[in-house]
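Notes follow the structure.
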Amino acid sequence: MQLKSVQYDKPHFSHAGQCGIGEAWARIPPELDRAQRLRTTERIRALLHERDAVLVAHYYVDGELQDLARDTGGCVGDSLEMARFGAQHQASTLIVAGVRFMGETAKILSPEKRVLMPDDDASCSLDLGCPADEFSAFCDAHPDRTVVVYANTSAAVKARADWVVTSSVGQDIVAHLHACGEKILWAPDRHLGAHIQRQTGADMLLWHGSCLVHDEFKADELAAMALEYPQAAILVHPESPAAVVAQADVVGSTTQLINAAGRLPTDTFIVATDQGILHDMRMRYPGKTFLPAPTAGQGATCKSCAMCPWMAMNSLQGVELALEQGLCAIEVDPAIAQAARRPIERMLAFAAGHRQPVRASGDLARDAALFQHFGPA
């Protein structure tokens, strides 16, 4: 199996605003021919039934995995939608096609279930760029600040936080904390944090991580593409740089961008997020055209290369092996899981409080339905 070297932002917690470069790797699954894909797909269908399992897949994984999840009664969504679905589903085994922090979130919400992944080495630049020990030291250096972390973090980082947020509820929570006079320590995505800071005016100290996919979108090239397609609406995920976000007709999370594509009257869209989402958009709205936003200039070998290398580690053969052999099981230390529940409960209570004065009970498997009141990461 081939390996791909991947570079990502590696912030220095002791030097605010400074980043080094970290290096990781991603496996490249071997290509299957049509006959192999058909055989593997049918074997997975049978194993899902035999093992009392359900497949939950992220919008950014390969379209074939997304289709298989839907066709077998599973779920395609963002990380919290995946975890919510898994907690509510009666299956005793969850196959999580995504990156590792998604498997951890699913395990926190469904501690009694077995959680398997096609490849548990599938990581995330936001997760890698925010190690729990360094982040904890950063928090300790600023004890006067309320710690708010994005869902795209490890269970250990969530355990150190006061709040966990998604991209759709994050702005509302920060605005609430700002109105209460609290200063914020935000992690890990600096672009999303800065976007929320601009919208709320909150006093926010930002960890300087980034998503290696969204960080690559180029504002000048996007402006040129918009001139080439003047009728197109521009859809941007807020993990993108500010100059890209400023050109958007809609800024939102994955689900919000998908919904906007159906709601807006235009038939052409330029989409600034991982290209995996285009599979879902094209399936839902076959009469519309979806163009990936540029990540490079003229003459580049790949001008629109917004594809997460770790999401690409999810494969049909990985799902088959996980089901057959129980490989890549996700476990979360019980003490960390318990600590990570607390900031999630605060988020749940906040979301529910917009509708009714109800707090989560502490049993997240039972309270998972509360996630339906807010959007994805």
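We label chains A, B, ... in the order they appear in the structure tokens, count residues from 1 in each chain, and number ligands from 1 in the order shown.
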Q. Would you give me, as a PyMOL selection string, the residues in segment 61-241 of chain A that DSSP reads as strand (DSSP E)?
A. chain A and resi 75-77+93-97+114-116+146-150+163-165+184-187+204-206+233-236
Report as a short mmCIF file (atom, residue, chain, number, x, y, z; two decimals) with N, CA, C and O atoms, in the first residue's frame all protein, DNA and RNA residues lying within 9 Å of segment 107-117 of chain A, evaluated on only C-alpha atoms, omitting residues in the same chain fewer than 5 positions from it.
```cif
data_model
loop_
_atom_site.label_atom_id
_atom_site.label_comp_id
_atom_site.auth_asym_id
_atom_site.auth_seq_id
_atom_site.Cartn_x
_atom_site.Cartn_y
_atom_site.Cartn_z
N ALA A 83 -22.74 10.59 14.82
CA ALA A 83 -22.77 10.10 16.20
C ALA A 83 -24.19 10.02 16.72
O ALA A 83 -24.55 9.06 17.41
N ARG A 84 -25.00 11.01 16.39
CA ARG A 84 -26.40 11.00 16.84
C ARG A 84 -27.13 9.81 16.24
O ARG A 84 -27.85 9.09 16.94
N GLY A 86 -25.85 7.03 15.17
CA GLY A 86 -25.35 5.80 15.77
C GLY A 86 -25.92 5.55 17.15
O GLY A 86 -26.23 4.42 17.52
N ALA A 87 -26.07 6.63 17.95
CA ALA A 87 -26.61 6.49 19.30
C ALA A 87 -28.09 6.08 19.26
O ALA A 87 -28.54 5.33 20.12
N GLN A 88 -28.81 6.56 18.27
CA GLN A 88 -30.24 6.28 18.19
C GLN A 88 -30.53 4.94 17.52
O GLN A 88 -31.57 4.32 17.77
N ALA A 91 -28.54 -0.89 16.12
CA ALA A 91 -27.40 -1.76 15.85
C ALA A 91 -26.40 -1.72 17.00
O ALA A 91 -26.17 -0.68 17.61
N SER A 92 -25.78 -2.86 17.27
CA SER A 92 -24.80 -2.94 18.36
C SER A 92 -23.39 -2.57 17.90
O SER A 92 -22.51 -2.36 18.74
N THR A 93 -23.17 -2.50 16.59
CA THR A 93 -21.86 -2.14 16.05
C THR A 93 -22.01 -0.99 15.06
O THR A 93 -22.89 -1.03 14.18
N LEU A 94 -21.15 0.01 15.21
CA LEU A 94 -21.13 1.16 14.30
C LEU A 94 -19.85 1.11 13.47
O LEU A 94 -18.76 0.99 14.03
N ILE A 95 -19.99 1.19 12.17
CA ILE A 95 -18.84 1.33 11.28
C ILE A 95 -18.79 2.80 10.87
O ILE A 95 -19.68 3.28 10.16
N VAL A 96 -17.77 3.51 11.33
CA VAL A 96 -17.66 4.95 11.11
C VAL A 96 -16.66 5.21 9.99
O VAL A 96 -15.45 5.03 10.17
N ALA A 97 -17.16 5.62 8.84
CA ALA A 97 -16.30 5.98 7.71
C ALA A 97 -16.06 7.49 7.76
O ALA A 97 -16.91 8.28 7.39
N GLY A 98 -14.88 7.84 8.25
CA GLY A 98 -14.53 9.25 8.42
C GLY A 98 -13.12 9.33 8.96
O GLY A 98 -12.25 8.55 8.55
N VAL A 99 -12.87 10.26 9.88
CA VAL A 99 -11.56 10.37 10.51
C VAL A 99 -11.68 10.07 12.00
O VAL A 99 -12.78 10.03 12.55
N ARG A 100 -10.54 9.90 12.66
CA ARG A 100 -10.54 9.29 13.98
C ARG A 100 -11.38 10.03 15.01
O ARG A 100 -12.08 9.41 15.81
N MET A 102 -14.06 11.47 14.70
CA MET A 102 -15.47 11.12 14.51
C MET A 102 -15.78 9.79 15.17
O MET A 102 -16.86 9.61 15.77
N ALA A 122 -6.70 7.22 10.09
CA ALA A 122 -7.20 8.38 9.35
C ALA A 122 -7.34 9.54 10.32
O ALA A 122 -8.18 9.53 11.21
N ALA A 155 -10.80 13.47 21.71
CA ALA A 155 -11.56 13.36 22.96
C ALA A 155 -10.80 14.02 24.10
O ALA A 155 -11.39 14.64 24.99
N ASN A 314 -10.49 5.93 3.75
CA ASN A 314 -11.67 5.08 3.92
C ASN A 314 -11.97 4.37 2.61
O ASN A 314 -12.12 5.01 1.57
N GLY A 318 -11.51 -1.63 3.46
CA GLY A 318 -11.35 -1.34 4.87
C GLY A 318 -12.61 -1.63 5.67
O GLY A 318 -12.55 -2.16 6.79
N VAL A 319 -13.75 -1.30 5.11
CA VAL A 319 -15.03 -1.61 5.76
C VAL A 319 -15.21 -3.12 5.87
O VAL A 319 -15.61 -3.64 6.92
N ALA A 322 -12.92 -4.49 8.61
CA ALA A 322 -13.40 -4.11 9.94
C ALA A 322 -14.54 -5.02 10.38
O ALA A 322 -14.60 -5.48 11.52
N LEU A 323 -15.45 -5.30 9.46
CA LEU A 323 -16.59 -6.16 9.78
C LEU A 323 -16.17 -7.62 9.97
O LEU A 323 -16.65 -8.30 10.87
N GLY A 326 -13.11 -7.35 12.99
CA GLY A 326 -13.21 -6.44 14.13
C GLY A 326 -12.02 -5.51 14.25
O GLY A 326 -11.68 -5.05 15.35
N LEU A 327 -11.40 -5.18 13.12
CA LEU A 327 -10.21 -4.33 13.14
C LEU A 327 -10.57 -2.87 13.40
O LEU A 327 -11.69 -2.43 13.17
N CYS A 328 -9.57 -2.13 13.87
CA CYS A 328 -9.68 -0.68 14.05
C CYS A 328 -10.83 -0.31 14.98
O CYS A 328 -11.64 0.58 14.68
N ALA A 329 -10.90 -1.00 16.12
CA ALA A 329 -11.91 -0.67 17.13
C ALA A 329 -11.49 0.59 17.87
O ALA A 329 -10.33 0.76 18.23
N ILE A 330 -12.44 1.47 18.10
CA ILE A 330 -12.19 2.74 18.79
C ILE A 330 -12.53 2.59 20.27
O ILE A 330 -13.64 2.18 20.61
N GLU A 331 -11.57 2.93 21.11
CA GLU A 331 -11.80 2.96 22.55
C GLU A 331 -11.41 4.34 23.07
O GLU A 331 -10.46 4.95 22.58
N VAL A 332 -12.15 4.84 24.03
CA VAL A 332 -11.83 6.12 24.67
C VAL A 332 -11.69 5.86 26.16
O VAL A 332 -12.57 5.22 26.77
N PRO A 334 -12.16 5.84 29.87
CA PRO A 334 -13.41 6.23 30.55
C PRO A 334 -13.32 7.59 31.25
O PRO A 334 -14.29 8.36 31.23
N ALA A 337 -13.50 10.18 28.51
CA ALA A 337 -14.86 10.21 27.97
C ALA A 337 -15.81 10.95 28.90
O ALA A 337 -16.64 11.76 28.47
N GLN A 338 -15.67 10.70 30.19
CA GLN A 338 -16.54 11.36 31.16
C GLN A 338 -16.30 12.87 31.16
O GLN A 338 -17.24 13.67 31.19
N ALA A 340 -15.06 14.62 28.68
CA ALA A 340 -15.48 15.17 27.39
C ALA A 340 -16.98 15.35 27.30
O ALA A 340 -17.47 16.17 26.51
N ARG A 341 -17.74 14.59 28.09
CA ARG A 341 -19.20 14.74 28.08
C ARG A 341 -19.63 16.10 28.60
O ARG A 341 -20.63 16.66 28.15
N ASP A 363 -26.74 11.16 30.49
CA ASP A 363 -26.70 9.92 29.72
C ASP A 363 -26.80 10.32 28.25
O ASP A 363 -27.89 10.50 27.71
N LEU A 364 -25.64 10.50 27.58
CA LEU A 364 -25.67 11.03 26.22
C LEU A 364 -26.28 10.07 25.22
O LEU A 364 -26.79 10.49 24.20
N ALA A 365 -26.20 8.77 25.49
CA ALA A 365 -26.85 7.84 24.58
C ALA A 365 -28.35 8.10 24.55
O ALA A 365 -29.00 8.09 23.51
N ARG A 366 -28.92 8.38 25.74
CA ARG A 366 -30.35 8.65 25.81
C ARG A 366 -30.66 10.07 25.33
O ARG A 366 -31.70 10.32 24.73
N ASP A 367 -29.75 11.02 25.58
CA ASP A 367 -30.00 12.42 25.24
C ASP A 367 -29.63 12.76 23.81
O ASP A 367 -29.74 13.91 23.40
N ALA A 368 -29.17 11.79 23.03
CA ALA A 368 -28.65 12.10 21.70
C ALA A 368 -29.66 12.79 20.81
O ALA A 368 -29.31 13.54 19.90
#
```
(Q) Between atom CA of Glu50 of chain A and atom CA of Glu324 of chain A, what is the distance in Å, rounded to a tenth? (A)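 Atom-to-atom, atom CA of Glu50 of chain A and atom CA of Glu324 of chain A are spaced 9.9 Å apart.
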Q | Contacts of Ser125 of chain A at 9 Å (only C-alpha atoms; same-chain gap of 6+ positions) as an MDAnalysis selection string | A | chainID A and resid 7:10 24 209:213
Q: Name the closest residue to Ile184 of chain A among the candidates A:Pro143, A:Ala223, A:Gly103, A:Asp215; distances are taken between atoms, counting only C-alpha atoms.
A: A:Pro143
Q: Go through A:Ala69, A:Ala137, A:Cys180, A:Leu38 one by one, measure the shortest atom-to-atom distance of each to Ala53 of chain A using only C-alpha atoms, and give the residue with the smallest value.
A: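 Counting only C-alpha atoms, the residue closest to Ala53 of chain A is A:Ala69.
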**Q.** Gap from atom CA of Ser168 of chain A to atom CA of Thr254 of chain A - Å, one decimal
**A.** 9.6 Å
